[in-house]
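Visitor: My questions all concern the structure below.
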Amino acid sequence: MDAIQWIIFILIIQVIHFLGTWKLYVKAGRKSWEAAVPIYNAIILMKIINRPTWWTILLFIPIINLLMFPIIWIETIRSFGRNSLGETWLVLLTLGFYIYYVNYALDVRYIENRGLHPKTATGEWVSSIAFAVIAATLVHTYFIQPYVIPTPSLERTLRVGDLLFVSKFHYGARAPMTTVAAPMVHDTLPVLGVKSYLTKPQLPYFRLPGFTKVDRNDIVVFSWPADTVRQFFKKEAGVDKPIDKKSNYVKRCVGLPGDSLAVIDGYVYINGKQLVLDDRAKPQYDYTIYAQNGVSSKLLENVGAEGFERKYIVGALNQQQANAINPYSIGFRKRPDGQFDVYTKSDGIPIGVVRKNGISLKEETGRQRTVPLTDEMVAKLRKESTIDSVIREVDSKGRQGGNNFPQNAGYPWNYDQMGPIYIPEEGKTVALNLNVLPLYKKIIREYEGNTISVSGNQIKLNGEVVDSYTFKQDYYWMMGDNRDHSEDSRAWGYVPENHIVGTPIFIWASFDNFVNAKGQPNSPWKWKPRWDRIFTTVNGNGEPVSYFKYFLIALVAYFVGSWLWKKRKAKK
């Protein structure tokens, strides 16, 4: 729906409200015309039902208004003496239209000074729950949203198992575009596994004012532009999602609107100069490590490396032993001698599982292993006498990658070699021809809502031949710090401004062993706290500092102080 359609829709709602309540306004001592004036009628209705005027604001906040409407319906009929449980259910089940019956068919009397406090414990409980949900939804939608890092694309800057608070007010909260949706959930209802929203009607894009803009090197949470996945880890047909119901991704913004970006040997260049990351960034690249006597997994663990594979040679297995190993394995292969090659991630197979199930195994460490490493890890490994060499893996220029933007043979790019490429800026015009069309086709058609076609050497935009295009919004280029293990803008291209959600500001908890070998979440009792990352900030300079101990001290001080205060008060 565009702006004009929404104005018409709002006017229809106002007409419905007027026709269903004007007599009630009169019985409450007001004028009938007061029920017809948009916004003003809501202010007057708050006076009639004896509720604060500021409630009017909540009626115009998307998502929050869906929670407020049922409360207003109930409060309206109760202001005219209709207090029974049956009538409460009637007004809810008829989506408020029972008020029409009260307005026209019943001889009701306005109760000016009715009691607002619930008369039963159940009523008190329902009232408390309702406003707790409204408050939480308001904070979740417009201020702060919890987020968990599920994949290693930002390792080692942000870790799998980091639980974050994401600020929506830094860049300005994006108002929900999906008007009918369950509160406090994203795109899927828990347990039921069905979508949590209706695709129509949709609000036009609108963002509240923020106090900063997306800057280069910012870590940004955004709606994944290419998302057609209804449920991860489940094979099914793709779905067309509203922007605000696409899955949330988190990456580092390396390219801003108007930039010329290139990736050369895996390093990002902006306007011809290599991008310098902030000192908290810990980018990783794949290196092949060579050692005559084998590359020890213990050595890799000692330098802090993760993300590598381990290979075990395992004797013949019974069913119990196979079941015990299975959660930790990413693959099996039977050997000619009847033994098995078992492949795992860097965590390996716990020694407790091996002993408990009587499994006979030994780890085979090859003379070369490919491992994602930071610069610090590389420096440590090169100092080890047992290591012969540590060489970075770089794809050569001109070698076509398997899944690289813009998925066109005319652009033989890969993750290590791309561009240069222009990042579109709102209001800027680019020449449009068959050579550059693959770079901008998705923007023009999907993100900015045009029809585009090619006839011979001519490009038609909305049916007219064009040789240029002016962008309607800003775009960004996002990449993961785990450069060789991140699906990012190098795969699916630009991130539109209307897909930006917010920026992570605080890690309130962090756990190792958060996901299993299959990449799915582990049971909470298997998580292992990373104490040095709990209560740390995401941004800033220098090594992150945990404020968890200060929080615990403050918490103890609060409870001790509260106990002493109560004890002192009791003596008086």
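The chains in the structure tokens are called A, B, ... from first to last as shown; in each chain the residues are counted from 1, and the ligands are counted from 1 in the order shown.
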Would you please extract all strand (DSSP E) residues from range 90-167 of chain A, as assigned by DSSP on the backbone, and give them as an MDAnalysis selection string?

Guide: chainID A and resid 144:148 162:167

Visitor: If you count only C-alpha atoms, which residues fall within 8 Å of Tyr249 in chain A, apart from same-chain ones fewer than 4 positions away, as a ChimeraX atom specification?

Guide: /A:221-224

Visitor: Can you work out the spacing between CA of Phe169 in chain A and CA of Leu208 in chain A in Å, to one decimal?

Guide: 8.1 Å

Visitor: Taking only C-alpha atoms into account, which of A:Ala181, A:Leu85, A:Ile10, A:Leu164 comes nearest Thr536 in chain A?

Guide: A:Leu164

Visitor: Could you name the residues that touch Thr179 in chain A at 12 Å or less, counting only C-alpha atoms, but leaving out those on the same chain fewer than 6 positions away, as a list in words?

Guide: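 Counting only C-alpha atoms, the residues come to Met1, Trp6, Phe60, Ile61, Pro62, Ile63, Ile64, Asn65, Leu66, Leu67, Ser196, Tyr197, Leu198, Thr199, Lys200, Pro201, Gln202, Leu203, Pro204, Tyr205, Pro242, Asp244 and Lys245 of chain A.
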
Visitor: For Ile505 in chain A, find every residue with an atom within 7 Å (counting only C-alpha atoms), except residues of its own chain fewer than 2 positions away, and show them as a PDB file with N, CA, C and O atoms, in the first residue's frame.

Guide:
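The result, stored in around_15.pdb:
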ATOM      1  N   PHE A 165      22.527  -7.203  22.720  1.00  0.00           N
ATOM      2  CA  PHE A 165      21.452  -6.222  22.645  1.00  0.00           C
ATOM      3  C   PHE A 165      21.741  -5.354  21.427  1.00  0.00           C
ATOM      4  O   PHE A 165      22.839  -4.809  21.286  1.00  0.00           O
ATOM      5  N   VAL A 166      20.758  -5.247  20.538  1.00  0.00           N
ATOM      6  CA  VAL A 166      20.899  -4.462  19.317  1.00  0.00           C
ATOM      7  C   VAL A 166      20.107  -3.171  19.464  1.00  0.00           C
ATOM      8  O   VAL A 166      18.915  -3.194  19.757  1.00  0.00           O
ATOM      9  N   SER A 167      20.803  -2.051  19.282  1.00  0.00           N
ATOM     10  CA  SER A 167      20.147  -0.747  19.369  1.00  0.00           C
ATOM     11  C   SER A 167      19.448  -0.423  18.054  1.00  0.00           C
ATOM     12  O   SER A 167      20.057  -0.475  16.980  1.00  0.00           O
ATOM     13  N   THR A 503      22.314  -1.612  15.302  1.00  0.00           N
ATOM     14  CA  THR A 503      23.708  -1.957  15.540  1.00  0.00           C
ATOM     15  C   THR A 503      23.864  -2.615  16.904  1.00  0.00           C
ATOM     16  O   THR A 503      23.263  -2.161  17.887  1.00  0.00           O
ATOM     17  N   THR A 537      31.108  -4.448  25.906  1.00  0.00           N
ATOM     18  CA  THR A 537      30.569  -3.610  24.839  1.00  0.00           C
ATOM     19  C   THR A 537      31.095  -4.114  23.498  1.00  0.00           C
ATOM     20  O   THR A 537      32.182  -4.671  23.411  1.00  0.00           O
ATOM     21  N   VAL A 538      30.312  -3.882  22.451  1.00  0.00           N
ATOM     22  CA  VAL A 538      30.707  -4.313  21.114  1.00  0.00           C
ATOM     23  C   VAL A 538      31.641  -3.295  20.470  1.00  0.00           C
ATOM     24  O   VAL A 538      32.628  -3.649  19.843  1.00  0.00           O
ATOM     25  N   ASN A 539      31.330  -2.022  20.648  1.00  0.00           N
ATOM     26  CA  ASN A 539      32.110  -0.963  20.017  1.00  0.00           C
ATOM     27  C   ASN A 539      33.124  -0.384  21.003  1.00  0.00           C
ATOM     28  O   ASN A 539      33.151  -0.740  22.167  1.00  0.00           O
TER      29      ASN A 539
END

Visitor: Please provide as number ranges by chain all residues within 10 Å of range 385-395 of chain A, with the sequence filter that same-chain residues fewer than 3 positions apart are discarded (counting only C-alpha atoms).

Guide: A: 264-266, 285-296, 299, 367-373, 378-379, 381-382, 398-401, 413-417, 484

Visitor: Hey, can you spit out that residue selection with C-alpha atoms as a compact mmCIF listing (two decimals), in the first residue's frame?

Guide:
# COMPACT_ATOMS: atom_id res chain seq x y z
CA ILE A 264 41.87 -7.42 -4.11
CA ASP A 265 43.48 -10.60 -2.76
CA GLY A 266 40.73 -10.71 -0.12
CA TYR A 285 41.42 -15.69 6.40
CA ASP A 286 42.06 -19.27 5.38
CA TYR A 287 45.69 -20.41 5.64
CA THR A 288 47.27 -23.71 4.72
CA ILE A 289 49.71 -24.85 7.41
CA TYR A 290 52.52 -27.27 6.50
CA ALA A 291 54.48 -29.45 8.96
CA GLN A 292 56.63 -32.49 8.15
CA ASN A 293 55.50 -34.34 11.28
CA GLY A 294 51.84 -33.33 11.00
CA VAL A 295 49.92 -30.23 12.11
CA SER A 296 48.85 -30.84 15.70
CA LEU A 299 48.87 -26.60 18.71
CA ARG A 367 51.08 -32.71 7.00
CA GLN A 368 48.94 -29.86 5.75
CA ARG A 369 45.72 -28.40 7.13
CA THR A 370 43.63 -25.43 6.06
CA VAL A 371 42.49 -23.28 8.98
CA PRO A 372 40.89 -19.82 9.34
CA LEU A 373 43.35 -17.64 11.26
CA VAL A 378 49.53 -16.60 12.10
CA ALA A 379 52.37 -14.81 13.90
CA LEU A 381 52.30 -20.35 14.40
CA ARG A 382 55.23 -19.01 12.37
CA GLY A 398 39.51 -14.02 -13.30
CA ARG A 399 38.50 -17.26 -11.63
CA GLN A 400 34.70 -17.43 -11.42
CA GLY A 401 33.41 -18.15 -7.91
CA TRP A 413 34.57 -12.55 -9.69
CA ASN A 414 35.25 -14.57 -6.55
CA TYR A 415 35.44 -13.84 -2.82
CA ASP A 416 39.06 -12.65 -3.10
CA GLN A 417 38.81 -10.65 -6.31
CA ASP A 484 36.45 -17.01 3.67

Visitor: Among range 104-252 of chain A, which ones does DSSP assign to alpha helix (DSSP H) (computed from the backbone)? Answer as a list of chain:residue names.

Guide: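 Result set for range 104-252 of chain A (alpha helix (DSSP H)): A:Tyr104, A:Ala105, A:Ala121, A:Thr122, A:Gly123, A:Glu124, A:Trp125, A:Val126, A:Ser127, A:Ser128, A:Ile129, A:Ala130, A:Phe131, A:Ala132, A:Val133, A:Ile134, A:Ala135, A:Ala136, A:Thr137, A:Leu138, A:Val139, A:His140, A:Thr141, A:Tyr142.
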
Visitor: Next, write the just-selected residues to a file, as an mmCIF file, in the first residue's frame, keeping N, CA and C atoms as the atom set.

Guide:
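And here's again06.cif as it stands now:
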data_model
loop_
_atom_site.group_PDB
_atom_site.id
_atom_site.type_symbol
_atom_site.label_atom_id
_atom_site.label_comp_id
_atom_site.auth_asym_id
_atom_site.auth_seq_id
_atom_site.Cartn_x
_atom_site.Cartn_y
_atom_site.Cartn_z
ATOM 1 N N TYR A 104 -26.524 1.115 18.983
ATOM 2 C CA TYR A 104 -27.834 1.294 18.349
ATOM 3 C C TYR A 104 -28.969 0.512 19.019
ATOM 4 N N ALA A 105 -28.669 -0.655 19.614
ATOM 5 C CA ALA A 105 -29.756 -1.534 20.074
ATOM 6 C C ALA A 105 -29.987 -1.509 21.576
ATOM 7 N N ALA A 121 -8.966 -11.255 40.976
ATOM 8 C CA ALA A 121 -7.539 -11.555 40.850
ATOM 9 C C ALA A 121 -7.197 -11.892 39.394
ATOM 10 N N THR A 122 -8.120 -12.579 38.707
ATOM 11 C CA THR A 122 -7.896 -12.917 37.299
ATOM 12 C C THR A 122 -7.815 -11.655 36.455
ATOM 13 N N GLY A 123 -8.717 -10.723 36.719
ATOM 14 C CA GLY A 123 -8.707 -9.458 35.990
ATOM 15 C C GLY A 123 -7.422 -8.693 36.222
ATOM 16 N N GLU A 124 -6.942 -8.705 37.463
ATOM 17 C CA GLU A 124 -5.680 -8.034 37.797
ATOM 18 C C GLU A 124 -4.521 -8.686 37.043
ATOM 19 N N TRP A 125 -4.534 -10.004 36.987
ATOM 20 C CA TRP A 125 -3.478 -10.747 36.303
ATOM 21 C C TRP A 125 -3.488 -10.460 34.802
ATOM 22 N N VAL A 126 -4.660 -10.496 34.172
ATOM 23 C CA VAL A 126 -4.780 -10.236 32.733
ATOM 24 C C VAL A 126 -4.339 -8.816 32.402
ATOM 25 N N SER A 127 -4.752 -7.862 33.243
ATOM 26 C CA SER A 127 -4.383 -6.464 33.022
ATOM 27 C C SER A 127 -2.870 -6.278 33.092
ATOM 28 N N SER A 128 -2.234 -6.901 34.078
ATOM 29 C CA SER A 128 -0.780 -6.781 34.235
ATOM 30 C C SER A 128 -0.037 -7.408 33.054
ATOM 31 N N ILE A 129 -0.500 -8.590 32.643
ATOM 32 C CA ILE A 129 0.134 -9.274 31.521
ATOM 33 C C ILE A 129 0.011 -8.440 30.249
ATOM 34 N N ALA A 130 -1.194 -7.887 30.014
ATOM 35 C CA ALA A 130 -1.438 -7.112 28.794
ATOM 36 C C ALA A 130 -0.492 -5.931 28.690
ATOM 37 N N PHE A 131 -0.330 -5.182 29.766
ATOM 38 C CA PHE A 131 0.512 -3.994 29.689
ATOM 39 C C PHE A 131 2.000 -4.339 29.745
ATOM 40 N N ALA A 132 2.328 -5.488 30.321
ATOM 41 C CA ALA A 132 3.715 -5.952 30.261
ATOM 42 C C ALA A 132 4.083 -6.296 28.819
ATOM 43 N N VAL A 133 3.166 -6.955 28.113
ATOM 44 C CA VAL A 133 3.398 -7.304 26.703
ATOM 45 C C VAL A 133 3.514 -6.043 25.848
ATOM 46 N N ILE A 134 2.645 -5.060 26.109
ATOM 47 C CA ILE A 134 2.692 -3.808 25.343
ATOM 48 C C ILE A 134 4.016 -3.087 25.567
ATOM 49 N N ALA A 135 4.442 -2.993 26.831
ATOM 50 C CA ALA A 135 5.704 -2.312 27.141
ATOM 51 C C ALA A 135 6.892 -3.039 26.513
ATOM 52 N N ALA A 136 6.903 -4.371 26.628
ATOM 53 C CA ALA A 136 8.004 -5.154 26.064
ATOM 54 C C ALA A 136 8.038 -5.047 24.543
ATOM 55 N N THR A 137 6.858 -5.063 23.924
ATOM 56 C CA THR A 137 6.782 -4.948 22.463
ATOM 57 C C THR A 137 7.261 -3.582 22.002
ATOM 58 N N LEU A 138 6.913 -2.540 22.751
ATOM 59 C CA LEU A 138 7.354 -1.183 22.411
ATOM 60 C C LEU A 138 8.885 -1.098 22.446
ATOM 61 N N VAL A 139 9.485 -1.638 23.508
ATOM 62 C CA VAL A 139 10.952 -1.609 23.635
ATOM 63 C C VAL A 139 11.592 -2.462 22.542
ATOM 64 N N HIS A 140 11.050 -3.664 22.333
ATOM 65 C CA HIS A 140 11.597 -4.617 21.361
ATOM 66 C C HIS A 140 11.522 -4.068 19.933
ATOM 67 N N THR A 141 10.445 -3.367 19.615
ATOM 68 C CA THR A 141 10.215 -2.915 18.247
ATOM 69 C C THR A 141 10.935 -1.619 17.924
ATOM 70 N N TYR A 142 11.061 -0.718 18.917
ATOM 71 C CA TYR A 142 11.530 0.627 18.614
ATOM 72 C C TYR A 142 12.831 1.031 19.326
#

Visitor: Need the shell around range 74-83 of chain A: protein/DNA/RNA residues with any atom at most 7 Å away, counting only C-alpha atoms. Skip same-chain ones fewer than 2 positions apart. Format as a list in words?

Guide: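 What passes the distance filter is Ile49, Pro70, Ile71, Ile72, Leu85, Glu87, Thr88, Val91, Ile99, Val108, Arg109, Tyr110 and Ile111 of chain A.
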
Visitor: Taking into account only C-alpha atoms, which residue in the set A:Thr344, A:Gly20, A:Glu112, A:Leu300 is nearest to Glu384 in chain A?

Guide: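 Residue with the minimum atom-to-atom distance to Glu384 in chain A: A:Leu300.
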
Visitor: Could you pull the residues within 6 Å of range 319-331 of chain A, counting only C-alpha atoms, minus those fewer than 5 positions along the same chain, as a PyMOL selection string?

Guide: chain A and resi 343-344+357+517

Visitor: Please write the residues from the selection above to a file, keeping all heavy atoms, as a PDB file, in the first residue's frame.

Guide:
ATOM      1  N   TYR A 343      35.105 -37.697  10.708  1.00  0.00           N
ATOM      2  CA  TYR A 343      35.484 -36.286  10.604  1.00  0.00           C
ATOM      3  C   TYR A 343      34.624 -35.456  11.562  1.00  0.00           C
ATOM      4  O   TYR A 343      33.399 -35.654  11.650  1.00  0.00           O
ATOM      5  CB  TYR A 343      35.298 -35.794   9.173  1.00  0.00           C
ATOM      6  CG  TYR A 343      36.147 -36.551   8.174  1.00  0.00           C
ATOM      7  CD1 TYR A 343      35.655 -37.704   7.556  1.00  0.00           C
ATOM      8  CD2 TYR A 343      37.441 -36.140   7.877  1.00  0.00           C
ATOM      9  CE1 TYR A 343      36.431 -38.417   6.658  1.00  0.00           C
ATOM     10  CE2 TYR A 343      38.228 -36.843   6.967  1.00  0.00           C
ATOM     11  CZ  TYR A 343      37.708 -37.984   6.364  1.00  0.00           C
ATOM     12  OH  TYR A 343      38.484 -38.683   5.476  1.00  0.00           O
ATOM     13  N   THR A 344      35.271 -34.564  12.287  1.00  0.00           N
ATOM     14  CA  THR A 344      34.547 -33.698  13.226  1.00  0.00           C
ATOM     15  C   THR A 344      35.012 -32.257  13.038  1.00  0.00           C
ATOM     16  O   THR A 344      35.985 -31.986  12.330  1.00  0.00           O
ATOM     17  CB  THR A 344      34.813 -34.102  14.691  1.00  0.00           C
ATOM     18  OG1 THR A 344      36.142 -33.684  15.059  1.00  0.00           O
ATOM     19  CG2 THR A 344      34.661 -35.593  14.909  1.00  0.00           C
ATOM     20  N   ASN A 357      31.982 -45.107  26.309  1.00  0.00           N
ATOM     21  CA  ASN A 357      31.465 -46.071  25.337  1.00  0.00           C
ATOM     22  C   ASN A 357      32.524 -47.046  24.831  1.00  0.00           C
ATOM     23  O   ASN A 357      32.253 -47.841  23.931  1.00  0.00           O
ATOM     24  CB  ASN A 357      30.857 -45.311  24.149  1.00  0.00           C
ATOM     25  CG  ASN A 357      29.626 -44.533  24.533  1.00  0.00           C
ATOM     26  OD1 ASN A 357      28.529 -45.070  24.582  1.00  0.00           O
ATOM     27  ND2 ASN A 357      29.807 -43.246  24.814  1.00  0.00           N
ATOM     28  N   ALA A 517      27.737 -30.009  16.048  1.00  0.00           N
ATOM     29  CA  ALA A 517      28.507 -30.224  14.828  1.00  0.00           C
ATOM     30  C   ALA A 517      27.659 -30.018  13.573  1.00  0.00           C
ATOM     31  O   ALA A 517      28.190 -29.730  12.505  1.00  0.00           O
ATOM     32  CB  ALA A 517      29.098 -31.635  14.830  1.00  0.00           C
TER      33      ALA A 517
END

Visitor: Find the residue from A:Ile149, A:Ala28, A:Ile16, A:Leu158 that sits nearest to Lys282 in chain A; use only C-alpha atoms when measuring.

Guide: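 Selected residue with least distance to Lys282 in chain A: A:Leu158.
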
Visitor: For CA of Thr157 in chain A and CA of Pro209 in chain A, determine how far apart the two atoms are, in Å to one decimal place.

Guide: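 Pair CA of Thr157 in chain A / CA of Pro209 in chain A returns 28.7 Å.
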
Visitor: Compare A:Gly193, A:Arg445, A:Thr151, A:Gly348 by their minimum atom-to-atom distance to Gln520 in chain A, counting only C-alpha atoms, and give me the closest one.

Guide: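 For Gln520 in chain A, the nearest of the candidates is A:Thr151.
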
Visitor: Could you tell me how far CA of Gly493 in chain A lies from CA of Ile443 in chain A, in Å and to one decimal?

Guide: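 Atom-to-atom, CA of Gly493 in chain A to CA of Ile443 in chain A, that is 9.4 Å.
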
Visitor: Give the answer as one residue: which of A:Gly258, A:Pro529, A:Pro406, A:Pro336 has the shortest atom-to-atom distance to Lys428 in chain A, using only C-alpha atoms?

Guide: A:Gly258
